[in-house]
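K.L.:
This is input.cif (mmCIF, C-alpha atoms).
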data_model
loop_
_atom_site.group_PDB
_atom_site.id
_atom_site.type_symbol
_atom_site.label_atom_id
_atom_site.label_comp_id
_atom_site.auth_asym_id
_atom_site.auth_seq_id
_atom_site.Cartn_x
_atom_site.Cartn_y
_atom_site.Cartn_z
ATOM 1 C CA MET A 1 3.903 -12.964 5.072
ATOM 2 C CA SER A 2 0.993 -11.612 7.054
ATOM 3 C CA ASP A 3 -2.155 -10.514 5.279
ATOM 4 C CA PHE A 4 -2.424 -6.933 4.113
ATOM 5 C CA LEU A 5 -3.737 -4.598 6.760
ATOM 6 C CA ALA A 6 -6.461 -2.394 5.337
ATOM 7 C CA VAL A 7 -6.959 0.934 7.056
ATOM 8 C CA ASN A 8 -9.902 3.204 6.352
ATOM 9 C CA SER A 9 -9.639 6.944 5.990
ATOM 10 C CA LYS A 10 -12.457 9.508 6.122
ATOM 11 C CA GLN A 11 -15.968 8.212 5.448
ATOM 12 C CA GLY A 12 -16.976 8.570 1.809
ATOM 13 C CA ALA A 13 -13.400 8.893 0.536
ATOM 14 C CA ALA A 14 -11.635 6.053 -1.197
ATOM 15 C CA ALA A 15 -9.533 4.418 1.481
ATOM 16 C CA PRO A 16 -5.973 3.582 0.497
ATOM 17 C CA ALA A 17 -5.062 0.000 1.319
ATOM 18 C CA PHE A 18 -2.133 0.126 3.711
ATOM 19 C CA HIS A 19 -0.050 -2.931 4.485
ATOM 20 C CA LEU A 20 2.851 -3.774 6.738
ATOM 21 C CA GLN A 21 4.573 -6.969 5.662
ATOM 22 C CA LEU A 22 6.339 -8.906 8.380
ATOM 23 C CA PRO A 23 6.872 -12.655 8.643
ATOM 24 C CA ASP A 24 4.170 -14.501 10.564
ATOM 25 C CA GLY A 25 5.047 -14.584 14.238
ATOM 26 C CA TYR A 26 7.646 -11.804 14.008
ATOM 27 C CA GLN A 27 7.834 -9.804 17.229
ATOM 28 C CA ALA A 28 8.954 -6.201 16.965
ATOM 29 C CA PRO A 29 11.940 -5.498 19.218
ATOM 30 C CA ALA A 30 10.846 -4.045 22.556
ATOM 31 C CA ALA A 31 14.158 -2.268 23.156
ATOM 32 C CA TRP A 32 17.585 -1.755 21.703
ATOM 33 C CA HIS A 33 20.653 -0.186 23.306
ATOM 34 C CA GLY A 34 23.144 1.513 21.028
ATOM 35 C CA GLN A 35 26.235 3.491 21.925
ATOM 36 C CA SER A 36 24.503 6.852 21.375
ATOM 37 C CA CYS A 37 20.865 6.106 22.110
ATOM 38 C CA ILE A 38 18.343 3.712 23.571
ATOM 39 C CA VAL A 39 15.436 2.778 21.293
ATOM 40 C CA LEU A 40 12.169 2.135 23.149
ATOM 41 C CA PRO A 41 8.554 1.963 21.984
ATOM 42 C CA ALA A 42 6.935 5.391 21.958
ATOM 43 C CA ALA A 43 4.571 5.701 24.908
ATOM 44 C CA PRO A 44 3.030 8.374 27.144
ATOM 45 C CA ARG A 45 5.712 7.777 29.802
ATOM 46 C CA TRP A 46 8.118 9.633 27.469
ATOM 47 C CA ALA A 47 5.704 12.539 26.852
ATOM 48 C CA VAL A 48 7.630 15.237 28.748
ATOM 49 C CA LEU A 49 10.881 14.421 26.930
ATOM 50 C CA ASP A 50 9.154 13.916 23.579
ATOM 51 C CA TYR A 51 7.169 17.146 23.769
ATOM 52 C CA ALA A 52 10.300 19.188 24.486
ATOM 53 C CA ALA A 53 12.120 17.639 21.500
ATOM 54 C CA VAL A 54 9.120 17.932 19.163
ATOM 55 C CA MET A 55 8.481 21.583 19.948
ATOM 56 C CA ALA A 56 12.169 22.511 19.732
ATOM 57 C CA SER A 57 12.346 20.744 16.345
ATOM 58 C CA ARG A 58 8.870 21.766 15.141
ATOM 59 C CA GLU A 59 9.947 23.684 12.023
ATOM 60 C CA GLN A 60 12.264 20.878 10.932
ATOM 61 C CA LEU A 61 9.551 18.260 11.539
ATOM 62 C CA GLN A 62 6.973 19.938 9.351
ATOM 63 C CA GLY A 63 7.011 18.026 6.099
ATOM 64 C CA LEU A 64 8.406 14.848 7.672
ATOM 65 C CA PHE A 65 5.423 12.697 6.684
ATOM 66 C CA ALA A 66 4.431 14.488 3.483
ATOM 67 C CA GLU A 67 5.628 17.494 1.548
ATOM 68 C CA ASN A 68 3.016 19.924 2.901
ATOM 69 C CA ASP A 69 2.246 18.234 6.218
ATOM 70 C CA ALA A 70 1.982 20.891 8.935
ATOM 71 C CA TRP A 71 2.518 18.487 11.844
ATOM 72 C CA PRO A 72 3.370 19.432 14.517
ATOM 73 C CA PRO A 73 1.201 22.535 14.697
ATOM 74 C CA ALA A 74 2.355 25.587 16.647
ATOM 75 C CA ASP A 75 -0.490 25.066 19.123
ATOM 76 C CA LEU A 76 0.375 21.422 19.887
ATOM 77 C CA THR A 77 -0.093 20.960 23.628
ATOM 78 C CA ALA A 78 1.671 18.572 25.963
ATOM 79 C CA ALA A 79 -1.664 16.749 26.327
ATOM 80 C CA ASP A 80 -1.949 16.434 22.520
ATOM 81 C CA ASP A 81 1.553 14.988 22.379
ATOM 82 C CA ALA A 82 0.801 12.517 25.181
ATOM 83 C CA ALA A 83 -2.378 11.424 23.354
ATOM 84 C CA ASP A 84 -0.367 10.933 20.166
ATOM 85 C CA LEU A 85 2.144 8.791 22.064
ATOM 86 C CA ALA A 86 -0.736 6.773 23.546
ATOM 87 C CA TRP A 87 -2.018 6.137 19.994
ATOM 88 C CA HIS A 88 1.474 5.001 18.946
ATOM 89 C CA GLU A 89 1.637 2.687 21.970
ATOM 90 C CA VAL A 90 -1.694 1.023 21.083
ATOM 91 C CA GLU A 91 -0.610 0.663 17.456
ATOM 92 C CA PHE A 92 2.619 -1.011 18.632
ATOM 93 C CA ILE A 93 0.822 -3.386 21.009
ATOM 94 C CA HIS A 94 -1.517 -4.488 18.202
ATOM 95 C CA GLY A 95 1.285 -4.757 15.635
ATOM 96 C CA LYS A 96 -0.258 -2.184 13.287
ATOM 97 C CA SER A 97 2.690 0.233 13.269
ATOM 98 C CA PHE A 98 5.853 0.700 15.286
ATOM 99 C CA ALA A 99 6.963 4.053 16.659
ATOM 100 C CA TYR A 100 10.093 4.290 18.753
ATOM 101 C CA SER A 101 11.447 7.026 20.986
ATOM 102 C CA LEU A 102 15.177 7.548 20.550
ATOM 103 C CA LEU A 103 16.395 8.399 24.024
ATOM 104 C CA SER A 104 19.721 9.460 25.468
ATOM 105 C CA THR A 105 21.575 6.636 27.179
ATOM 106 C CA ASP A 106 20.724 8.168 30.569
ATOM 107 C CA LEU A 107 17.003 8.360 29.555
ATOM 108 C CA GLN A 108 16.962 12.107 30.268
ATOM 109 C CA ARG A 109 16.446 13.467 26.709
ATOM 110 C CA CYS A 110 14.464 12.520 23.653
ATOM 111 C CA LEU A 111 16.915 12.517 20.742
ATOM 112 C CA GLY A 112 14.226 11.903 18.116
ATOM 113 C CA CYS A 113 11.836 9.243 16.880
ATOM 114 C CA LEU A 114 11.600 6.413 14.377
ATOM 115 C CA TYR A 115 8.301 5.459 12.778
ATOM 116 C CA LEU A 116 7.653 2.234 10.866
ATOM 117 C CA TYR A 117 4.266 2.509 9.199
ATOM 118 C CA PRO A 118 2.154 0.442 6.851
ATOM 119 C CA THR A 119 2.496 1.580 3.259
ATOM 120 C CA ALA A 120 0.166 1.939 0.295
ATOM 121 C CA SER A 121 3.057 1.033 -2.028
ATOM 122 C CA ARG A 122 2.894 -2.498 -3.428
ATOM 123 C CA ASP A 123 6.665 -2.328 -4.013
ATOM 124 C CA HIS A 124 7.540 -1.900 -0.331
ATOM 125 C CA GLN A 125 6.911 -3.748 2.924
ATOM 126 C CA ALA A 126 6.649 -0.631 5.080
ATOM 127 C CA GLU A 127 7.505 3.067 5.263
ATOM 128 C CA ALA A 128 10.083 4.532 7.617
ATOM 129 C CA TYR A 129 10.467 8.066 8.951
ATOM 130 C CA LEU A 130 13.221 9.237 11.270
ATOM 131 C CA TRP A 131 14.023 12.549 12.904
ATOM 132 C CA THR A 132 16.531 13.772 15.414
ATOM 133 C CA ALA A 133 16.147 16.696 17.788
ATOM 134 C CA VAL A 134 17.741 19.969 16.676
ATOM 135 C CA THR A 135 18.777 20.595 20.285
ATOM 136 C CA GLU A 136 21.462 17.903 19.981
ATOM 137 C CA THR A 137 24.888 18.296 18.406
ATOM 138 C CA GLU A 138 25.288 17.412 14.752
ATOM 139 C CA LEU A 139 27.805 14.738 15.763
ATOM 140 C CA LEU A 140 25.295 13.051 18.083
ATOM 141 C CA ARG A 141 22.448 13.394 15.580
ATOM 142 C CA CYS A 142 24.535 11.691 12.869
ATOM 143 C CA ALA A 143 25.593 8.926 15.269
ATOM 144 C CA VAL A 144 21.958 8.279 16.240
ATOM 145 C CA VAL A 145 20.871 8.093 12.593
ATOM 146 C CA ASP A 146 23.740 5.715 11.747
ATOM 147 C CA GLU A 147 22.988 3.463 14.714
ATOM 148 C CA VAL A 148 19.247 3.352 14.049
ATOM 149 C CA MET A 149 19.797 2.574 10.354
ATOM 150 C CA HIS A 150 22.168 -0.245 11.324
ATOM 151 C CA TRP A 151 19.619 -1.553 13.850
ATOM 152 C CA LEU A 152 16.887 -1.592 11.183
ATOM 153 C CA GLU A 153 19.124 -3.490 8.778
ATOM 154 C CA SER A 154 20.235 -5.970 11.450
ATOM 155 C CA TYR A 155 17.111 -6.641 13.508
ATOM 156 C CA TRP A 156 14.178 -6.128 11.159
ATOM 157 C CA PRO A 157 13.259 -8.487 8.298
ATOM 158 C CA PHE A 158 12.647 -5.752 5.730
ATOM 159 C CA ASN A 159 14.209 -5.963 2.308
ATOM 160 C CA ALA A 160 11.980 -3.296 0.746
ATOM 161 C CA LEU A 161 11.659 -0.446 3.238
ATOM 162 C CA ALA A 162 10.592 2.904 1.759
ATOM 163 C CA TRP A 163 11.983 6.181 3.106
ATOM 164 C CA PRO A 164 9.666 8.858 1.635
ATOM 165 C CA GLY A 165 11.179 12.303 2.040
ATOM 166 C CA ARG A 166 14.605 10.830 2.815
ATOM 167 C CA SER A 167 15.746 8.512 0.002
ATOM 168 C CA ILE A 168 12.607 8.949 -2.108
ATOM 169 C CA ALA A 169 11.582 12.529 -2.902
ATOM 170 C CA PHE A 170 7.977 13.258 -2.007
ATOM 171 C CA SER A 171 7.495 14.424 -5.600
ATOM 172 C CA ASP A 172 8.320 10.823 -6.641
ATOM 173 C CA TRP A 173 6.155 9.217 -3.938
ATOM 174 C CA PRO A 174 2.478 9.104 -5.014
ATOM 175 C CA HIS A 175 1.239 7.161 -1.979
ATOM 176 C CA ALA A 176 -0.758 8.370 1.003
ATOM 177 C CA ASN A 177 0.937 8.376 4.411
ATOM 178 C CA TYR A 178 -0.576 6.110 7.078
ATOM 179 C CA TYR A 179 -0.010 8.502 9.987
ATOM 180 C CA ALA A 180 -1.413 11.504 8.118
ATOM 181 C CA ALA A 181 -4.421 9.422 7.037
ATOM 182 C CA GLN A 182 -5.045 8.407 10.664
ATOM 183 C CA ARG A 183 -4.840 12.028 11.870
ATOM 184 C CA ASN A 184 -7.194 13.158 9.076
ATOM 185 C CA ALA A 185 -9.718 10.395 9.854
ATOM 186 C CA ILE A 186 -10.301 11.671 13.375
#
Could you render the structure from this file as structure tokens?

P.N.:
Amino acid sequence: MSDFLAVNSKQGAAAPAFHLQLPDGYQAPAAWHGQSCIVLPAAPRWAVLDYAAVMASREQLQGLFAENDAWPPADLTAADDAADLAWHEVEFIHGKSFAYSLLSTDLQRCLGCLYLYPTASRDHQAEAYLWTAVTETELLRCAVVDEVMHWLESYWPFNALAWPGRSIAFSDWPHANYYAAQRNAI
């Protein structure tokens, strides 16, 4: 396993030690084509599609990363979203975290996103967060979730992946969130 990746938060505050455990030499998939979606690394080239999905789903996204997390804010701009996607792209390139855009098979709509982040939990290898756009049908949203979950189980070497807010209630999850810590450190 790779060494733990320590990430610092705000100066003067105790920094949680985040780690993402992957086998040495493991390369994160650069793309995956399912029946309902195409999974591609989040990047600024998807900003127009991503921004539309994020803003349409804003109320449902608040609390995705932590119980009282207000992301995305009402005043999130398209430029802010593009900068966030650029951060995700750099993180992916350097193997620090892996954010994926879930796109329609014709690449015309963002159906949601998947985030695989380092975790502060010593019992898990990483944290996962997944959302689907409220603008899509419930049938499509469920199909995307099922396909992405299958993809994670089939193509990623995790055997201890935490899903805070999904399969673990935030009230039972005492650990800091990597993405929120990065946003707060800026």

K.L.:
Hey, what's within 9 Å of Pro118 in chain A if we count only C-alpha atoms and toss same-chain stuff fewer than 4 positions away? As a compact mmCIF listing (two decimals) with C-alpha atoms, in the coordinates of the input, please?

P.N.:
# COMPACT_ATOMS: atom_id res chain seq x y z
CA LEU A 5 -3.74 -4.60 6.76
CA PHE A 18 -2.13 0.13 3.71
CA HIS A 19 -0.05 -2.93 4.49
CA LEU A 20 2.85 -3.77 6.74
CA GLN A 21 4.57 -6.97 5.66
CA LYS A 96 -0.26 -2.18 13.29
CA SER A 97 2.69 0.23 13.27
CA GLN A 125 6.91 -3.75 2.92
CA ALA A 126 6.65 -0.63 5.08
CA GLU A 127 7.50 3.07 5.26
CA ALA A 128 10.08 4.53 7.62
CA ASN A 177 0.94 8.38 4.41
CA TYR A 178 -0.58 6.11 7.08
CA TYR A 179 -0.01 8.50 9.99

K.L.:
Would you pick out the contacts of range 50-55 of chain A at 10 Å or less, using only C-alpha atoms, so that residues sharing its chain but fewer than 2 positions from it are not included, and give the list as an mmCIF file with C-alpha atoms, in the frame of the given file?

P.N.:
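Dumped everything to out-v1.cif:
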data_model
loop_
_atom_site.group_PDB
_atom_site.id
_atom_site.type_symbol
_atom_site.label_atom_id
_atom_site.label_comp_id
_atom_site.auth_asym_id
_atom_site.auth_seq_id
_atom_site.Cartn_x
_atom_site.Cartn_y
_atom_site.Cartn_z
ATOM 1 C CA ALA A 42 6.935 5.391 21.958
ATOM 2 C CA ALA A 43 4.571 5.701 24.908
ATOM 3 C CA PRO A 44 3.030 8.374 27.144
ATOM 4 C CA ARG A 45 5.712 7.777 29.802
ATOM 5 C CA TRP A 46 8.118 9.633 27.469
ATOM 6 C CA ALA A 47 5.704 12.539 26.852
ATOM 7 C CA VAL A 48 7.630 15.237 28.748
ATOM 8 C CA SER A 57 12.346 20.744 16.345
ATOM 9 C CA ARG A 58 8.870 21.766 15.141
ATOM 10 C CA GLU A 59 9.947 23.684 12.023
ATOM 11 C CA GLN A 60 12.264 20.878 10.932
ATOM 12 C CA LEU A 61 9.551 18.260 11.539
ATOM 13 C CA TRP A 71 2.518 18.487 11.844
ATOM 14 C CA PRO A 72 3.370 19.432 14.517
ATOM 15 C CA PRO A 73 1.201 22.535 14.697
ATOM 16 C CA ALA A 74 2.355 25.587 16.647
ATOM 17 C CA ASP A 75 -0.490 25.066 19.123
ATOM 18 C CA LEU A 76 0.375 21.422 19.887
ATOM 19 C CA THR A 77 -0.093 20.960 23.628
ATOM 20 C CA ALA A 78 1.671 18.572 25.963
ATOM 21 C CA ALA A 79 -1.664 16.749 26.327
ATOM 22 C CA ASP A 80 -1.949 16.434 22.520
ATOM 23 C CA ASP A 81 1.553 14.988 22.379
ATOM 24 C CA ALA A 82 0.801 12.517 25.181
ATOM 25 C CA LEU A 85 2.144 8.791 22.064
ATOM 26 C CA SER A 101 11.447 7.026 20.986
ATOM 27 C CA LEU A 102 15.177 7.548 20.550
ATOM 28 C CA LEU A 103 16.395 8.399 24.024
ATOM 29 C CA ARG A 109 16.446 13.467 26.709
ATOM 30 C CA CYS A 110 14.464 12.520 23.653
ATOM 31 C CA LEU A 111 16.915 12.517 20.742
ATOM 32 C CA GLY A 112 14.226 11.903 18.116
ATOM 33 C CA CYS A 113 11.836 9.243 16.880
ATOM 34 C CA TRP A 131 14.023 12.549 12.904
ATOM 35 C CA THR A 132 16.531 13.772 15.414
ATOM 36 C CA ALA A 133 16.147 16.696 17.788
ATOM 37 C CA VAL A 134 17.741 19.969 16.676
ATOM 38 C CA THR A 135 18.777 20.595 20.285
ATOM 39 C CA GLU A 136 21.462 17.903 19.981
#

K.L.:
From the options A:Ala120, A:Ile38, A:His94, A:Phe65, which residue's atoms come nearest to Pro174 in chain A, counting all atoms listed in the file?

P.N.:
A:Ala120

K.L.:
Between CA of Ala17 in chain A and CA of Phe92 in chain A, what is the spacing in Å?

P.N.:
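Going from CA of Phe92 in chain A over to CA of Ala17 in chain A, I get 19.0 Å.
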
K.L.:
What does the PyMOL selection byres ((chain A and resi 141-146) around 8) select in this file, as a count of residues only?

P.N.:
15

K.L.:
I'd like the residues picked by the PyMOL selection byres ((chain A and resi 99) around 6) written out as a count of residues only, using the chain letters and numbers from the file.

P.N.:
6

K.L.:
Record the distance separating CA of Pro29 in chain A and CA of Phe158 in chain A, expressed in Å with one decimal.

P.N.:
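We find that CA of Pro29 in chain A and CA of Phe158 in chain A lie 13.5 Å from each other.
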
K.L.:
Pull out every residue that the PyMOL selection byres ((chain A and resi 163) around 10) matches in the shown coordinates and put them as an MDAnalysis selection string.

P.N.:
chainID A and resid 65 116 124 126:130 160:162 164:170 173

K.L.:
Just to confirm, what's the straight-line distance from CA of Leu22 in chain A to CA of Tyr155 in chain A in Å (one decimal)?

P.N.:
12.1 Å

K.L.:
Just checking: using all atoms listed in the file, which residue out of A:Leu107, A:Ile93, A:Ala181, A:Ala176 ends up closest to Leu49 in chain A?

P.N.:
A:Leu107

K.L.:
Could you work out an axis-aligned bounding box for all listed atoms of range 25-35 of chain A, with 5 Å added on each of the six sides, and give its centre and edge lengths in Å to one decimal, as AutoDock Vina command-line options?

P.N.:
--center_x 15.6 --center_y -5.5 --center_z 18.7 --size_x 31.2 --size_y 28.1 --size_z 19.3

K.L.:
Could you rebuild range 41-65 of chain A with N, CA and C atoms and give me the result as a PDB file, in the frame of the given file?

P.N.:
ATOM      1  N   PRO A  41       9.837   1.627  22.585  1.00  0.00           N
ATOM      2  CA  PRO A  41       8.554   1.963  21.984  1.00  0.00           C
ATOM      3  C   PRO A  41       8.023   3.310  22.501  1.00  0.00           C
ATOM      4  N   ALA A  42       7.531   4.111  21.578  1.00  0.00           N
ATOM      5  CA  ALA A  42       6.935   5.391  21.958  1.00  0.00           C
ATOM      6  C   ALA A  42       5.735   5.120  22.869  1.00  0.00           C
ATOM      7  N   ALA A  43       5.638   5.898  23.926  1.00  0.00           N
ATOM      8  CA  ALA A  43       4.571   5.701  24.908  1.00  0.00           C
ATOM      9  C   ALA A  43       4.421   6.979  25.724  1.00  0.00           C
ATOM     10  N   PRO A  44       3.255   7.162  26.347  1.00  0.00           N
ATOM     11  CA  PRO A  44       3.030   8.374  27.144  1.00  0.00           C
ATOM     12  C   PRO A  44       4.059   8.616  28.241  1.00  0.00           C
ATOM     13  N   ARG A  45       4.713   7.572  28.738  1.00  0.00           N
ATOM     14  CA  ARG A  45       5.712   7.777  29.802  1.00  0.00           C
ATOM     15  C   ARG A  45       6.868   8.655  29.334  1.00  0.00           C
ATOM     16  N   TRP A  46       7.047   8.792  28.011  1.00  0.00           N
ATOM     17  CA  TRP A  46       8.118   9.633  27.469  1.00  0.00           C
ATOM     18  C   TRP A  46       7.596  10.999  27.024  1.00  0.00           C
ATOM     19  N   ALA A  47       6.360  11.330  27.370  1.00  0.00           N
ATOM     20  CA  ALA A  47       5.704  12.539  26.852  1.00  0.00           C
ATOM     21  C   ALA A  47       6.457  13.835  27.177  1.00  0.00           C
ATOM     22  N   VAL A  48       6.942  13.989  28.383  1.00  0.00           N
ATOM     23  CA  VAL A  48       7.630  15.237  28.748  1.00  0.00           C
ATOM     24  C   VAL A  48       8.882  15.415  27.882  1.00  0.00           C
ATOM     25  N   LEU A  49       9.666  14.352  27.748  1.00  0.00           N
ATOM     26  CA  LEU A  49      10.881  14.421  26.930  1.00  0.00           C
ATOM     27  C   LEU A  49      10.545  14.598  25.453  1.00  0.00           C
ATOM     28  N   ASP A  50       9.552  13.854  24.977  1.00  0.00           N
ATOM     29  CA  ASP A  50       9.154  13.916  23.579  1.00  0.00           C
ATOM     30  C   ASP A  50       8.633  15.302  23.218  1.00  0.00           C
ATOM     31  N   TYR A  51       7.760  15.834  24.048  1.00  0.00           N
ATOM     32  CA  TYR A  51       7.169  17.146  23.769  1.00  0.00           C
ATOM     33  C   TYR A  51       8.248  18.221  23.656  1.00  0.00           C
ATOM     34  N   ALA A  52       9.213  18.200  24.552  1.00  0.00           N
ATOM     35  CA  ALA A  52      10.300  19.188  24.486  1.00  0.00           C
ATOM     36  C   ALA A  52      11.063  19.067  23.169  1.00  0.00           C
ATOM     37  N   ALA A  53      11.375  17.844  22.749  1.00  0.00           N
ATOM     38  CA  ALA A  53      12.120  17.639  21.500  1.00  0.00           C
ATOM     39  C   ALA A  53      11.276  18.005  20.281  1.00  0.00           C
ATOM     40  N   VAL A  54      10.008  17.626  20.294  1.00  0.00           N
ATOM     41  CA  VAL A  54       9.120  17.932  19.163  1.00  0.00           C
ATOM     42  C   VAL A  54       8.973  19.440  18.997  1.00  0.00           C
ATOM     43  N   MET A  55       8.707  20.139  20.071  1.00  0.00           N
ATOM     44  CA  MET A  55       8.481  21.583  19.948  1.00  0.00           C
ATOM     45  C   MET A  55       9.765  22.328  19.585  1.00  0.00           C
ATOM     46  N   ALA A  56      10.895  21.877  20.098  1.00  0.00           N
ATOM     47  CA  ALA A  56      12.169  22.511  19.732  1.00  0.00           C
ATOM     48  C   ALA A  56      12.491  22.272  18.257  1.00  0.00           C
ATOM     49  N   SER A  57      12.039  21.139  17.725  1.00  0.00           N
ATOM     50  CA  SER A  57      12.346  20.744  16.345  1.00  0.00           C
ATOM     51  C   SER A  57      11.163  20.954  15.403  1.00  0.00           C
ATOM     52  N   ARG A  58      10.141  21.654  15.860  1.00  0.00           N
ATOM     53  CA  ARG A  58       8.870  21.766  15.141  1.00  0.00           C
ATOM     54  C   ARG A  58       9.043  22.172  13.678  1.00  0.00           C
ATOM     55  N   GLU A  59       9.793  23.211  13.408  1.00  0.00           N
ATOM     56  CA  GLU A  59       9.947  23.684  12.023  1.00  0.00           C
ATOM     57  C   GLU A  59      10.625  22.639  11.152  1.00  0.00           C
ATOM     58  N   GLN A  60      11.570  21.908  11.702  1.00  0.00           N
ATOM     59  CA  GLN A  60      12.264  20.878  10.932  1.00  0.00           C
ATOM     60  C   GLN A  60      11.377  19.644  10.729  1.00  0.00           C
ATOM     61  N   LEU A  61      10.435  19.425  11.639  1.00  0.00           N
ATOM     62  CA  LEU A  61       9.551  18.260  11.539  1.00  0.00           C
ATOM     63  C   LEU A  61       8.430  18.463  10.526  1.00  0.00           C
ATOM     64  N   GLN A  62       8.043  19.704  10.313  1.00  0.00           N
ATOM     65  CA  GLN A  62       6.973  19.938   9.351  1.00  0.00           C
ATOM     66  C   GLN A  62       7.436  19.470   7.978  1.00  0.00           C
ATOM     67  N   GLY A  63       6.636  18.625   7.368  1.00  0.00           N
ATOM     68  CA  GLY A  63       7.011  18.026   6.099  1.00  0.00           C
ATOM     69  C   GLY A  63       7.692  16.677   6.249  1.00  0.00           C
ATOM     70  N   LEU A  64       7.779  16.152   7.469  1.00  0.00           N
ATOM     71  CA  LEU A  64       8.406  14.848   7.672  1.00  0.00           C
ATOM     72  C   LEU A  64       7.606  13.738   7.015  1.00  0.00           C
ATOM     73  N   PHE A  65       6.275  13.785   7.160  1.00  0.00           N
ATOM     74  CA  PHE A  65       5.423  12.697   6.684  1.00  0.00           C
ATOM     75  C   PHE A  65       4.854  12.930   5.292  1.00  0.00           C
TER      76      PHE A  65
END
